[in-house]
>>> print(open('protein-v6.cif').read())   # mmCIF, C-alpha atoms
data_my_file
loop_
_atom_site.label_atom_id
_atom_site.label_comp_id
_atom_site.auth_asym_id
_atom_site.auth_seq_id
_atom_site.Cartn_x
_atom_site.Cartn_y
_atom_site.Cartn_z
CA GLU A 360 -81.92 109.98 249.25
CA GLN A 361 -84.86 109.10 251.49
CA VAL A 362 -85.24 107.31 254.78
CA ILE A 363 -88.34 105.16 255.21
CA ALA A 364 -89.08 104.20 258.79
CA ILE A 365 -91.25 101.25 259.80
CA GLU A 366 -92.02 103.09 263.06
CA PRO A 367 -92.55 106.91 263.04
CA ALA A 368 -89.29 108.89 263.07
CA ASP A 369 -88.29 112.51 262.52
CA GLY A 370 -87.26 113.41 258.99
CA ALA A 371 -88.37 110.03 257.61
CA ILE A 372 -91.26 108.89 255.43
CA SER A 373 -93.58 106.46 257.20
CA LEU A 374 -94.40 103.10 255.67
CA GLU A 375 -98.02 104.22 255.26
CA GLU A 376 -96.96 107.33 253.32
CA LEU A 377 -94.85 105.16 251.05
CA ARG A 378 -97.82 102.87 250.40
CA GLU A 379 -100.00 105.90 249.59
CA ARG A 380 -97.44 107.12 247.04
CA GLY A 381 -97.51 103.68 245.41
CA ARG A 382 -101.31 103.50 245.30
CA GLY A 383 -101.38 106.81 243.43
CA ARG A 384 -99.38 105.46 240.47
CA ASP A 385 -100.49 103.54 237.42
CA GLU A 386 -99.78 99.75 237.35
CA ALA A 387 -98.44 100.15 233.80
CA GLU A 388 -95.56 102.22 235.20
CA VAL A 389 -94.26 99.20 237.14
CA ALA A 390 -94.30 97.07 233.99
CA GLU A 391 -92.59 99.88 232.07
CA ARG A 392 -89.82 100.23 234.66
CA SER A 393 -89.33 96.49 234.78
CA ALA A 394 -89.09 96.27 230.99
CA ALA A 395 -86.54 99.10 230.96
CA VAL A 396 -84.03 96.99 232.91
CA LYS A 397 -81.69 95.19 230.52
CA PRO A 398 -79.62 92.07 231.30
CA GLU A 399 -76.39 94.08 230.93
CA ASP A 400 -77.51 96.75 233.45
CA PRO A 401 -75.75 96.73 236.84
CA TYR A 402 -77.75 94.81 239.44
CA THR A 403 -75.45 95.10 242.45
CA PHE A 404 -71.95 96.15 243.47
CA ILE A 405 -70.35 93.66 245.87
CA TYR A 406 -67.01 94.40 247.43
CA THR A 407 -64.47 91.58 247.51
CA SER A 408 -63.55 90.51 251.03
CA GLY A 409 -60.04 91.90 250.85
CA THR A 410 -57.93 88.81 251.62
CA THR A 411 -55.52 89.87 248.86
CA GLY A 412 -55.46 93.63 249.41
CA PRO A 413 -57.96 96.53 249.51
CA PRO A 414 -61.58 95.49 248.75
CA LYS A 415 -62.70 96.22 245.16
CA GLY A 416 -66.30 96.79 244.03
CA CYS A 417 -67.37 94.09 241.56
CA VAL A 418 -70.07 95.33 239.19
CA LEU A 419 -72.53 92.45 238.65
CA SER A 420 -75.34 92.69 236.12
CA HIS A 421 -78.93 91.42 236.18
CA GLY A 422 -77.87 88.99 233.44
CA ASN A 423 -74.94 87.67 235.53
CA TYR A 424 -77.16 86.60 238.44
CA ARG A 425 -80.06 85.41 236.26
CA GLU A 426 -77.66 83.09 234.41
CA VAL A 427 -76.23 81.73 237.67
CA LEU A 428 -79.75 81.07 239.00
CA ASN A 429 -80.65 79.20 235.80
CA SER A 430 -77.49 77.07 236.11
CA CYS A 431 -78.02 76.25 239.78
CA GLU A 432 -81.69 75.43 239.26
CA SER A 433 -80.96 73.18 236.27
CA ILE A 434 -78.82 70.90 238.49
CA GLY A 435 -81.17 71.05 241.49
CA ALA A 436 -78.78 72.88 243.85
CA LEU A 437 -81.81 73.96 245.91
CA GLU A 438 -85.36 72.79 245.37
CA SER A 439 -88.80 74.20 245.97
CA GLY A 440 -90.08 73.65 249.50
CA GLU A 441 -86.66 73.03 251.04
CA ILE A 442 -85.52 74.76 254.25
CA ALA A 443 -82.13 76.47 254.08
CA TYR A 444 -80.35 77.57 257.25
CA LEU A 445 -78.41 80.70 256.31
CA TYR A 446 -75.39 81.45 258.47
CA LEU A 447 -73.54 83.40 255.75
CA PRO A 448 -73.07 87.19 256.10
CA LEU A 449 -75.79 88.83 254.01
CA ALA A 450 -73.38 91.23 252.28
CA HIS A 451 -71.53 88.23 250.83
CA SER A 452 -72.28 87.05 247.28
CA TYR A 453 -72.89 83.46 248.47
CA ALA A 454 -75.71 84.61 250.78
CA LEU A 455 -77.18 86.70 247.96
CA LEU A 456 -77.26 83.68 245.62
CA ILE A 457 -78.99 81.47 248.22
CA GLN A 458 -81.61 84.14 248.92
CA LEU A 459 -82.30 84.70 245.20
CA LEU A 460 -82.64 80.93 244.68
CA ALA A 461 -85.02 80.58 247.64
CA ILE A 462 -87.20 83.45 246.38
CA ASP A 463 -87.16 82.10 242.82
CA LEU A 464 -88.09 78.55 243.86
CA GLY A 465 -90.35 79.18 246.85
CA SER A 466 -88.06 77.71 249.51
CA THR A 467 -87.79 78.72 253.17
CA ILE A 468 -84.82 80.59 254.65
CA ALA A 469 -84.09 80.41 258.37
CA TYR A 470 -81.60 83.14 259.26
CA PHE A 471 -78.80 82.52 261.76
CA GLY A 472 -79.54 84.29 265.07
CA GLY A 473 -76.17 86.01 265.43
CA ASP A 474 -74.48 83.89 268.11
CA THR A 475 -72.06 81.28 266.73
CA LYS A 476 -72.36 79.26 269.96
CA GLN A 477 -76.06 78.72 269.17
CA ILE A 478 -75.65 77.32 265.64
CA VAL A 479 -76.17 73.66 266.62
CA VAL A 480 -79.12 74.64 268.85
CA GLU A 481 -80.68 76.56 265.95
CA LEU A 482 -80.09 73.71 263.48
CA ASN A 483 -82.11 71.55 265.87
CA GLU A 484 -84.92 74.10 266.02
CA VAL A 485 -85.12 74.54 262.25
CA HIS A 486 -84.26 70.98 261.00
CA PRO A 487 -82.95 72.34 257.65
CA THR A 488 -82.65 70.22 254.52
CA TYR A 489 -79.94 72.47 253.07
CA LEU A 490 -76.95 74.15 254.72
CA PRO A 491 -74.75 76.45 252.63
CA SER A 492 -71.80 77.62 254.71
CA VAL A 493 -68.07 78.21 255.08
CA PRO A 494 -65.35 75.78 256.28
CA ARG A 495 -65.06 77.33 259.76
CA ILE A 496 -68.60 76.21 260.67
CA PHE A 497 -68.01 72.63 259.48
CA GLU A 498 -64.64 72.59 261.29
CA LYS A 499 -66.35 73.70 264.52
CA ILE A 500 -69.11 71.07 264.25
CA TYR A 501 -66.44 68.44 263.44
CA THR A 502 -64.54 69.41 266.60
CA LEU A 503 -67.75 69.32 268.63
CA VAL A 504 -68.82 65.83 267.50
CA THR A 505 -65.35 64.22 267.56
CA ALA A 506 -63.81 65.97 270.59
CA ASN A 507 -64.28 63.10 273.04
CA GLY A 508 -63.89 60.19 270.65
CA ASP A 509 -60.89 57.94 270.05
CA PRO A 510 -59.20 59.30 266.86
CA GLU A 511 -58.35 55.77 265.60
CA LYS A 512 -61.93 54.56 266.09
CA ILE A 513 -63.27 57.66 264.31
CA LYS A 514 -60.87 57.04 261.42
CA GLY A 515 -61.99 53.40 261.19
CA ALA A 516 -65.69 54.31 261.33
CA THR A 517 -65.14 56.91 258.58
CA GLN A 518 -63.60 54.31 256.25
CA VAL A 519 -66.46 51.87 256.92
CA GLY A 520 -69.11 54.58 256.39
CA LEU A 521 -67.55 55.75 253.12
CA LYS A 522 -67.26 52.20 251.75
CA VAL A 523 -70.87 51.28 252.59
CA ARG A 524 -72.32 54.53 251.19
CA GLN A 525 -70.29 54.14 247.97
CA LEU A 526 -71.58 50.58 247.52
CA GLN A 527 -75.17 51.72 248.21
CA GLU A 528 -74.85 54.59 245.73
CA GLY A 529 -73.56 52.18 243.08
CA GLY A 530 -76.50 49.85 243.72
CA GLN A 531 -74.15 47.10 244.94
CA GLU A 532 -74.68 44.64 247.76
CA VAL A 533 -72.96 45.40 251.08
CA PRO A 534 -71.10 42.34 252.51
CA ALA A 535 -72.60 41.17 255.81
CA GLU A 536 -69.42 41.72 257.85
CA LEU A 537 -69.03 45.28 256.55
CA GLN A 538 -72.72 45.95 257.23
CA ALA A 539 -72.27 44.75 260.82
CA HIS A 540 -69.38 47.22 261.37
CA PHE A 541 -71.48 49.96 259.75
CA ASP A 542 -74.44 49.24 262.07
CA VAL A 543 -72.20 49.63 265.13
CA ALA A 544 -70.79 52.95 263.83
CA GLU A 545 -74.31 54.11 262.89
CA GLU A 546 -75.56 53.55 266.42
CA ALA A 547 -72.51 54.95 268.23
CA LEU A 548 -71.60 57.90 266.00
CA PHE A 549 -73.28 58.52 262.62
CA LYS A 550 -76.84 59.13 263.84
CA ASN A 551 -75.56 61.58 266.51
CA VAL A 552 -73.69 63.58 263.86
CA ARG A 553 -76.80 63.79 261.67
CA ALA A 554 -78.74 64.90 264.76
CA ALA A 555 -76.21 67.73 265.33
CA PHE A 556 -77.27 69.12 261.93
CA GLY A 557 -80.96 68.87 262.82
CA GLY A 558 -81.60 65.35 261.51
CA ASN A 559 -83.09 66.32 258.12
CA LEU A 560 -80.09 67.53 256.14
CA LYS A 561 -80.02 66.36 252.51
CA GLN A 562 -76.84 68.22 251.71
CA ALA A 563 -74.54 71.00 252.81
CA ASN A 564 -72.31 73.12 250.61
CA THR A 565 -69.00 74.66 251.55
CA GLY A 566 -67.11 77.37 249.74
CA ALA A 567 -65.08 80.59 250.20
CA ALA A 568 -61.95 78.85 251.58
CA PRO A 569 -60.21 75.44 251.58
CA ILE A 570 -61.47 72.64 253.85
CA ALA A 571 -59.61 69.47 254.86
CA LYS A 572 -60.55 66.36 252.85
CA GLU A 573 -60.67 64.29 256.08
CA ILE A 574 -63.48 66.48 257.45
CA LEU A 575 -65.51 66.03 254.24
CA GLU A 576 -64.94 62.25 254.31
CA PHE A 577 -66.04 62.08 257.95
CA PHE A 578 -69.33 63.90 257.26
CA PHE A 579 -69.98 61.83 254.12
CA ALA A 580 -69.49 58.65 256.14
CA CYS A 581 -72.02 59.93 258.68
CA GLY A 582 -74.63 60.57 255.99
CA VAL A 583 -74.14 64.36 255.87
CA PRO A 584 -72.82 65.11 252.37
CA VAL A 585 -70.81 68.35 252.52
CA LEU A 586 -70.12 69.24 248.89
CA GLU A 587 -67.34 71.65 248.04
CA GLY A 588 -67.75 74.31 245.35
CA TYR A 589 -65.64 77.16 244.04
CA GLY A 590 -66.25 80.68 242.89
CA MET A 591 -65.61 84.29 243.69
CA THR A 592 -67.51 87.56 243.78
CA GLU A 593 -66.24 88.16 240.23
CA THR A 594 -68.09 85.04 238.99
CA SER A 595 -71.43 86.05 240.57
CA THR A 596 -70.70 83.66 243.47
CA VAL A 597 -70.07 80.31 241.81
CA CYS A 598 -68.32 78.71 238.83
CA THR A 599 -67.87 75.04 239.86
CA THR A 600 -70.08 72.88 242.02
CA GLN A 601 -71.00 69.27 242.89
CA THR A 602 -74.29 67.42 243.23
CA ARG A 603 -75.34 64.36 245.23
CA GLU A 604 -75.22 62.36 242.00
CA ARG A 605 -71.94 63.75 240.72
CA TYR A 606 -69.14 64.51 243.16
CA LYS A 607 -65.53 63.72 244.02
CA ILE A 608 -64.39 64.41 247.57
CA GLY A 609 -61.31 66.62 247.61
CA THR A 610 -62.22 68.46 244.39
CA VAL A 611 -64.36 71.60 244.04
CA GLY A 612 -66.52 70.03 241.36
CA PHE A 613 -67.31 70.64 237.70
CA ALA A 614 -68.16 73.84 235.81
CA ILE A 615 -71.77 74.96 236.25
CA PRO A 616 -73.84 74.65 233.03
CA GLY A 617 -72.92 77.38 230.56
CA SER A 618 -69.47 78.03 232.07
CA GLU A 619 -65.98 76.83 231.14
CA VAL A 620 -62.82 76.21 233.15
CA ARG A 621 -59.30 75.75 231.84
CA ILE A 622 -55.80 75.75 233.30
CA ALA A 623 -53.17 78.17 231.97
CA ASP A 624 -49.58 77.07 231.29
CA ASP A 625 -48.47 78.39 234.69
CA GLY A 626 -51.25 76.46 236.50
CA GLU A 627 -53.60 79.44 236.94
CA ILE A 628 -57.35 78.73 236.77
CA LEU A 629 -59.09 80.59 233.92
CA LEU A 630 -62.87 81.00 233.73
CA LYS A 631 -65.33 81.92 231.01
CA GLY A 632 -69.12 82.24 231.03
CA PRO A 633 -72.19 84.48 231.33
CA ASN A 634 -71.57 84.76 235.09
CA ILE A 635 -68.31 86.74 234.76
CA PHE A 636 -68.61 90.25 236.22
CA GLN A 637 -68.55 93.61 234.39
CA GLY A 638 -65.31 94.92 235.93
CA TYR A 639 -64.37 96.76 239.15
CA TYR A 640 -66.27 99.93 240.01
CA LYS A 641 -64.22 103.00 238.99
CA MET A 642 -61.15 100.76 238.59
CA GLN A 643 -61.32 99.82 234.94
CA ASP A 644 -57.54 99.44 234.72
CA GLU A 645 -57.21 97.20 237.79
CA SER A 646 -54.77 94.48 236.78
CA TRP A 647 -55.87 91.59 239.04
CA GLY A 648 -58.76 89.54 237.70
CA THR A 649 -58.01 90.71 234.19
CA ILE A 650 -60.17 89.30 231.44
CA VAL A 651 -58.08 88.33 228.42
CA ASP A 652 -59.88 87.06 225.27
CA GLY A 653 -62.99 86.44 227.36
CA TRP A 654 -61.11 84.33 229.96
CA MET A 655 -60.92 85.62 233.52
CA HIS A 656 -57.62 85.08 235.34
CA THR A 657 -58.53 84.07 238.89
CA GLY A 658 -55.20 84.24 240.72
CA ASP A 659 -55.89 80.68 241.93
CA LEU A 660 -53.85 77.63 240.94
CA GLY A 661 -55.41 74.27 240.12
CA SER A 662 -55.71 71.16 237.97
CA LEU A 663 -58.53 69.52 235.99
CA ASP A 664 -59.01 65.75 235.83
CA GLU A 665 -60.34 63.71 232.89
CA ASP A 666 -63.94 64.03 234.17
CA GLY A 667 -63.75 67.83 234.34
CA PHE A 668 -63.41 68.04 238.14
CA LEU A 669 -61.31 70.95 239.38
CA THR A 670 -58.85 70.71 242.28
CA ILE A 671 -57.48 73.90 243.83
CA THR A 672 -53.79 73.65 244.65
CA GLY A 673 -53.20 77.15 246.00
CA ARG A 674 -53.26 80.86 245.37
CA LYS A 675 -50.71 82.59 243.18
CA LYS A 676 -50.39 85.32 245.80
CA ASP A 677 -50.45 82.98 248.82
CA ILE A 678 -47.52 80.95 247.60
CA ILE A 679 -44.62 81.24 250.02
CA ILE A 680 -41.20 81.38 248.40
CA THR A 681 -38.52 80.51 250.95
CA ALA A 682 -35.03 82.02 250.95
CA GLY A 683 -33.92 78.77 249.32
CA GLY A 684 -36.31 79.40 246.40
CA LYS A 685 -38.79 76.65 247.32
CA ASN A 686 -42.48 77.35 246.52
CA LEU A 687 -44.85 76.30 249.33
CA THR A 688 -48.66 76.35 249.56
CA PRO A 689 -49.63 77.19 253.16
CA ALA A 690 -53.28 75.97 253.08
CA ASN A 691 -52.37 72.26 253.36
CA ILE A 692 -50.40 72.41 256.61
CA GLU A 693 -52.78 75.03 258.03
CA ASN A 694 -55.80 72.76 257.40
CA ASP A 695 -54.04 69.78 258.98
CA LEU A 696 -53.33 71.80 262.13
CA LYS A 697 -56.86 73.24 262.33
CA GLN A 698 -58.34 69.73 262.35
CA ASN A 699 -57.06 69.38 265.89
CA ARG A 700 -59.70 70.18 268.52
CA TRP A 701 -57.42 72.57 270.48
CA ILE A 702 -56.41 74.73 267.51
CA SER A 703 -58.69 77.41 266.09
CA GLN A 704 -56.48 79.07 263.47
CA ALA A 705 -53.06 78.42 261.94
CA VAL A 706 -51.29 80.90 259.66
CA MET A 707 -48.07 79.82 257.97
CA HIS A 708 -45.42 82.36 257.02
CA GLY A 709 -42.11 81.92 255.26
CA ASP A 710 -41.64 84.44 252.46
CA ARG A 711 -37.91 85.02 251.89
CA ARG A 712 -37.26 83.21 255.21
CA PRO A 713 -34.94 80.19 255.54
CA TYR A 714 -37.88 78.01 256.69
CA PRO A 715 -41.66 78.22 257.32
CA VAL A 716 -43.06 79.23 260.72
CA VAL A 717 -46.68 79.16 261.89
CA LEU A 718 -48.84 81.37 264.10
CA VAL A 719 -51.33 79.30 266.11
CA THR A 720 -54.44 80.37 268.04
CA LEU A 721 -56.20 78.17 270.61
CA ASP A 722 -59.92 77.44 270.30
CA PRO A 723 -61.65 79.53 273.02
CA GLU A 724 -64.53 77.04 273.30
CA GLU A 725 -62.17 74.11 273.85
CA ALA A 726 -59.79 76.01 276.20
CA PRO A 727 -61.47 74.87 279.47
CA ALA A 728 -61.17 71.19 278.43
CA LEU A 729 -57.52 71.72 277.42
CA ALA A 730 -56.71 73.38 280.76
CA GLN A 731 -58.40 70.53 282.64
CA GLU A 732 -56.60 67.84 280.65
CA LEU A 733 -53.19 69.44 281.24
CA GLY A 734 -53.87 70.30 284.90
CA ILE A 735 -53.65 74.07 284.36
CA GLU A 736 -55.69 76.25 286.72
CA SER A 737 -56.63 79.06 284.31
CA ALA A 738 -58.46 78.51 281.02
CA ASP A 739 -57.71 82.09 279.97
CA LEU A 740 -56.25 82.12 276.43
CA ALA A 741 -53.47 84.56 277.33
CA ALA A 742 -52.36 82.34 280.26
CA LEU A 743 -52.61 79.13 278.21
CA SER A 744 -50.62 80.67 275.34
CA GLU A 745 -47.61 81.05 277.64
CA ASP A 746 -47.87 77.75 279.52
CA PRO A 747 -45.03 75.27 278.77
CA LYS A 748 -47.48 72.31 278.88
CA VAL A 749 -49.57 73.90 276.12
CA HIS A 750 -46.44 74.54 274.05
CA GLU A 751 -45.46 70.92 274.47
CA ARG A 752 -48.93 69.78 273.34
CA VAL A 753 -48.90 72.05 270.25
CA GLN A 754 -45.36 70.89 269.42
CA GLY A 755 -46.65 67.30 269.47
CA ILE A 756 -49.50 68.19 267.11
CA LEU A 757 -47.08 69.99 264.78
CA ASP A 758 -44.62 67.05 264.78
CA GLU A 759 -47.49 64.76 263.76
CA VAL A 760 -48.53 67.08 260.90
CA ASN A 761 -44.93 67.66 259.73
CA ARG A 762 -44.50 63.91 259.16
CA ASN A 763 -46.75 64.19 256.08
CA TYR A 764 -44.51 66.75 254.38
CA ALA A 765 -41.07 66.90 252.81
CA GLN A 766 -38.26 68.28 254.99
CA VAL A 767 -38.23 71.64 253.17
CA GLU A 768 -42.01 72.11 253.65
CA GLN A 769 -42.02 71.37 257.38
CA VAL A 770 -42.79 74.12 259.89
CA LYS A 771 -39.76 74.62 262.12
CA LYS A 772 -41.11 77.09 264.71
CA PHE A 773 -44.47 78.25 266.04
CA THR A 774 -45.90 80.94 268.30
CA ILE A 775 -49.22 80.74 270.16
CA LEU A 776 -51.18 84.00 270.07
CA ASP A 777 -52.84 85.22 273.29
CA HIS A 778 -56.23 85.63 271.55
CA ASP A 779 -58.17 84.09 268.66
CA LEU A 780 -58.28 85.84 265.29
CA SER A 781 -61.55 87.72 264.74
CA GLN A 782 -63.42 90.16 262.52
CA GLU A 783 -63.30 92.78 265.30
CA THR A 784 -59.48 92.80 265.24
CA GLY A 785 -59.55 93.08 261.43
CA GLU A 786 -57.80 89.72 261.00
CA LEU A 787 -60.76 87.79 259.50
CA THR A 788 -63.17 88.63 256.68
CA PRO A 789 -66.97 88.32 257.19
CA THR A 790 -66.77 84.70 255.92
CA LEU A 791 -64.03 83.99 258.50
CA LYS A 792 -61.18 83.81 255.99
CA VAL A 793 -57.81 84.95 257.31
CA LYS A 794 -56.53 88.27 255.97
CA ARG A 795 -52.95 87.15 255.47
CA ASN A 796 -51.53 90.59 254.78
CA VAL A 797 -53.00 91.93 258.06
CA VAL A 798 -51.75 88.93 260.08
CA ASN A 799 -48.30 89.09 258.47
CA GLU A 800 -47.94 92.81 259.21
CA LYS A 801 -49.24 92.53 262.78
CA TYR A 802 -47.23 89.52 263.90
#
>>> encode(input="protein-v6.cif", output="structure tokens")
Amino acid sequence: EQVIAIEPADGAISLEELRERGRGRDEAEVAERSAAVKPEDPYTFIYTSGTTGPPKGCVLSHGNYREVLNSCESIGALESGEIAYLYLPLAHSYALLIQLLAIDLGSTIAYFGGDTKQIVVELNEVHPTYLPSVPRIFEKIYTLVTANGDPEKIKGATQVGLKVRQLQEGGQEVPAELQAHFDVAEEALFKNVRAAFGGNLKQANTGAAPIAKEILEFFFACGVPVLEGYGMTETSTVCTTQTRERYKIGTVGFAIPGSEVRIADDGEILLKGPNIFQGYYKMQDESWGTIVDGWMHTGDLGSLDEDGFLTITGRKKDIIITAGGKNLTPANIENDLKQNRWISQAVMHGDRRPYPVVLVTLDPEEAPALAQELGIESADLAALSEDPKVHERVQGILDEVNRNYAQVEQVKKFTILDHDLSQETGELTPTLKVKRNVVNEKY
């Protein structure tokens, strides 16, 4: 209804005028307005990112977010005085939660400068203690720090690092021989990885999409705990999380205090708690995300272990059903492919097809090194995507990945796209998740 301009502008109220209006009112009015807001009143409408269809406006109440803040603070997700580096898009519920926590606790937020190529530079300017982010950023840093290393040596160092850190956490003595191997890996690799994150990181959190277990293990070994959580806009950002004291790599953690998780007969994850949203704006009859008897149906598939840790196995809607009737979850093979330094994105397709195929994009930042290694003159993505040597290299990577899967799950054919997927082309959401329906229709 009104535009307030920090600098003078036509048709706008100046900041000084706004201040004058405020000075002319009684303090009691502020208290009265504040008291008039009830926990059940809408606080914000956040639109879902649209990976599963048109975005829908989730109505989230003051009570929803206050409850989530209480839960997160009770387990020390973020603490007073910490520095959080915030890469996340500010319209996303995850960014909102981090900002509310920082304001509530008196922590510092350093906002990402806008250029993804500068993230590591900025981490080294800010030296954050806390990094909440999405898998794509951790995948990129993983590629950056492992690109020139020997994969077998990295694998060995990861196992040593994990073993030593587990023994230390359990208060057990580390055998001298193991400690010696650890010291070598610490000097050659681990300390450099911690330095890439700014050197002060206590923990990082990843959410919004699946991430490969191997990447999490690698960072843990290096002394950079990247803890996976799970949630959705409909749950006021989060419903399961992990802490430094209580985690299991490969799971998305346990239910936040006050919330409950259970698995339906068909494997669907059901959620209950004070963080569940108030419905979709002007879409009261929307069937997806239905709340039945207080339990929200997420559309995600998963399993719970005896300690209450949740593992996500796929999405009901992402499941590929081949012409032979076999149900496949694409995220596993896609993650395996994306771990390779040359590959940026991998999207598997196979609905009602005789076998799965995959669309691959090359990593633009790694393209010059790939061209050099294969003796190709141009590092242009379009040229590389058509080069037989590149196809041979990608085929080799795919063969390696396929070995871990049953015959029926293996990808039989691939195509290399002449550009990377991006938000600008409408193929990625703001948190860099692939919009499958868009990619499937386009390609």
>>> resolve_selection(input="protein-v6.cif", expression="the PyMOL selection byres ((chain A and resi 742) around 12)", output="list in words")
Leu721, Ala726, Pro727, Ala730, Ile735, Glu736, Ser737, Ala738, Asp739, Leu740, Ala741, Leu743, Ser744, Glu745, Asp746, Pro747, Lys748, Val749, His750, Ile775, Leu776, Asp777 and His778 of chain A
>>> closest_residue(input="protein-v6.cif", among="A:Gly684, A:Gln518, A:Val797, A:Glu532", to="Gln782 (chain A)", atoms="all atoms listed in the file")
A:Val797
>>> closest_residue(input="protein-v6.cif", among="A:Ile365, A:Lys572, A:Leu548, A:Pro689", to="Asn507 (chain A)", atoms="all atoms listed in the file")
A:Leu548
>>> closest_residue(input="protein-v6.cif", among="A:Leu445, A:Ile434, A:Ile680, A:Ala554", to="Phe613 (chain A)", atoms="all atoms listed in the file")
A:Ile434
>>> closest_residue(input="protein-v6.cif", among="A:Asp463, A:Leu419, A:Val611, A:Leu377", to="Ala364 (chain A)", atoms="all atoms listed in the file")
A:Leu377
>>> residues_around(input="protein-v6.cif", residues="Asp695 (chain A)", least_positions_apart="5", cutoff="9 Å", atoms="only C-alpha atoms", output="list in words")
Ala571, Ala690 and Val760 of chain A
>>> resolve_selection(input="protein-v6.cif", expression="the PyMOL selection byres ((chain A and resi 628-635) around 8)", output="PyMOL selection string")
chain A and resi 422-424+426-427+593-595+598+617-623+626-627+636-637+653-662
>>> resolve_selection(input="protein-v6.cif", expression="the PyMOL selection byres ((chain A and resi 450) around 10)", output="VMD selection string")
chain A and resid 405 to 406 408 447 to 449 451 to 455 789 to 790
>>> closest_residue(input="protein-v6.cif", among="A:Lys801, A:Lys607, A:Lys514, A:Arg392", to="Gly588 (chain A)", atoms="all atoms listed in the file")
A:Lys607
>>> atom_distance(input="protein-v6.cif", atom1="CA of Val485 (chain A)", atom2="CA of Lys561 (chain A)")
13.7 Å
>>> atom_distance(input="protein-v6.cif", atom1="CA of Thr488 (chain A)", atom2="CA of Ser433 (chain A)")
18.6 Å
>>> residues_near_point(input="protein-v6.cif", point="(-76.7, 79.6, 250.6)", cutoff="10 Å", atoms="only C-alpha atoms", output="PyMOL selection string")
chain A and resi 436-437+443-447+449+452-461+468+489-493+563-566
>>> closest_residue(input="protein-v6.cif", among="A:Arg553, A:His708, A:Arg380, A:Lys522", to="Glu800 (chain A)", atoms="only C-alpha atoms")
A:His708
>>> atom_distance(input="protein-v6.cif", atom1="CA of Lys397 (chain A)", atom2="CA of Arg425 (chain A)")
11.5 Å
>>> residues_around(input="protein-v6.cif", residues="Glu573 (chain A)", least_positions_apart="5", cutoff="12 Å", atoms="all atoms listed in the file", output="ChimeraX atom specification")
/A:497-498,501,510,513-514,517-518,521,578-580,585,608-609,691,694-695,697-699
>>> residues_near_point(input="protein-v6.cif", point="(-71.4, 77.9, 269.5)", cutoff="10 Å", atoms="all atoms listed in the file", output="MDAnalysis selection string")
chainID A and resid 474:480 496 499:500 503 724
>>> residues_around(input="protein-v6.cif", residues="Ile692 (chain A)", least_positions_apart="2", cutoff="12 Å", atoms="only C-alpha atoms", output="JSON, numbers by chain")
{"A": [569, 570, 571, 673, 687, 688, 689, 690, 694, 695, 696, 697, 698, 699, 704, 705, 706, 707, 708, 715, 716, 717, 718, 719, 756, 757, 758, 759, 760, 761, 762, 763, 764, 765, 768, 769, 770]}
>>> write_last_selection(input="protein-v6.cif", atoms="C-alpha atoms", output="tab-separated table (two decimals), in the coordinates of the input")
chain	number	residue	atom	x	y	z
A	569	PRO	CA	-60.21	75.44	251.58
A	570	ILE	CA	-61.47	72.64	253.85
A	571	ALA	CA	-59.61	69.47	254.86
A	673	GLY	CA	-53.20	77.15	246.00
A	687	LEU	CA	-44.85	76.30	249.33
A	688	THR	CA	-48.66	76.35	249.56
A	689	PRO	CA	-49.63	77.19	253.16
A	690	ALA	CA	-53.28	75.97	253.08
A	694	ASN	CA	-55.80	72.76	257.40
A	695	ASP	CA	-54.04	69.78	258.98
A	696	LEU	CA	-53.33	71.80	262.13
A	697	LYS	CA	-56.86	73.24	262.33
A	698	GLN	CA	-58.34	69.73	262.35
A	699	ASN	CA	-57.06	69.38	265.89
A	704	GLN	CA	-56.48	79.07	263.47
A	705	ALA	CA	-53.06	78.42	261.94
A	706	VAL	CA	-51.29	80.90	259.66
A	707	MET	CA	-48.07	79.82	257.97
A	708	HIS	CA	-45.42	82.36	257.02
A	715	PRO	CA	-41.66	78.22	257.32
A	716	VAL	CA	-43.06	79.23	260.72
A	717	VAL	CA	-46.68	79.16	261.89
A	718	LEU	CA	-48.84	81.37	264.10
A	719	VAL	CA	-51.33	79.30	266.11
A	756	ILE	CA	-49.50	68.19	267.11
A	757	LEU	CA	-47.08	69.99	264.78
A	758	ASP	CA	-44.62	67.05	264.78
A	759	GLU	CA	-47.49	64.76	263.76
A	760	VAL	CA	-48.53	67.08	260.90
A	761	ASN	CA	-44.93	67.66	259.73
A	762	ARG	CA	-44.50	63.91	259.16
A	763	ASN	CA	-46.75	64.19	256.08
A	764	TYR	CA	-44.51	66.75	254.38
A	765	ALA	CA	-41.07	66.90	252.81
A	768	GLU	CA	-42.01	72.11	253.65
A	769	GLN	CA	-42.02	71.37	257.38
A	770	VAL	CA	-42.79	74.12	259.89
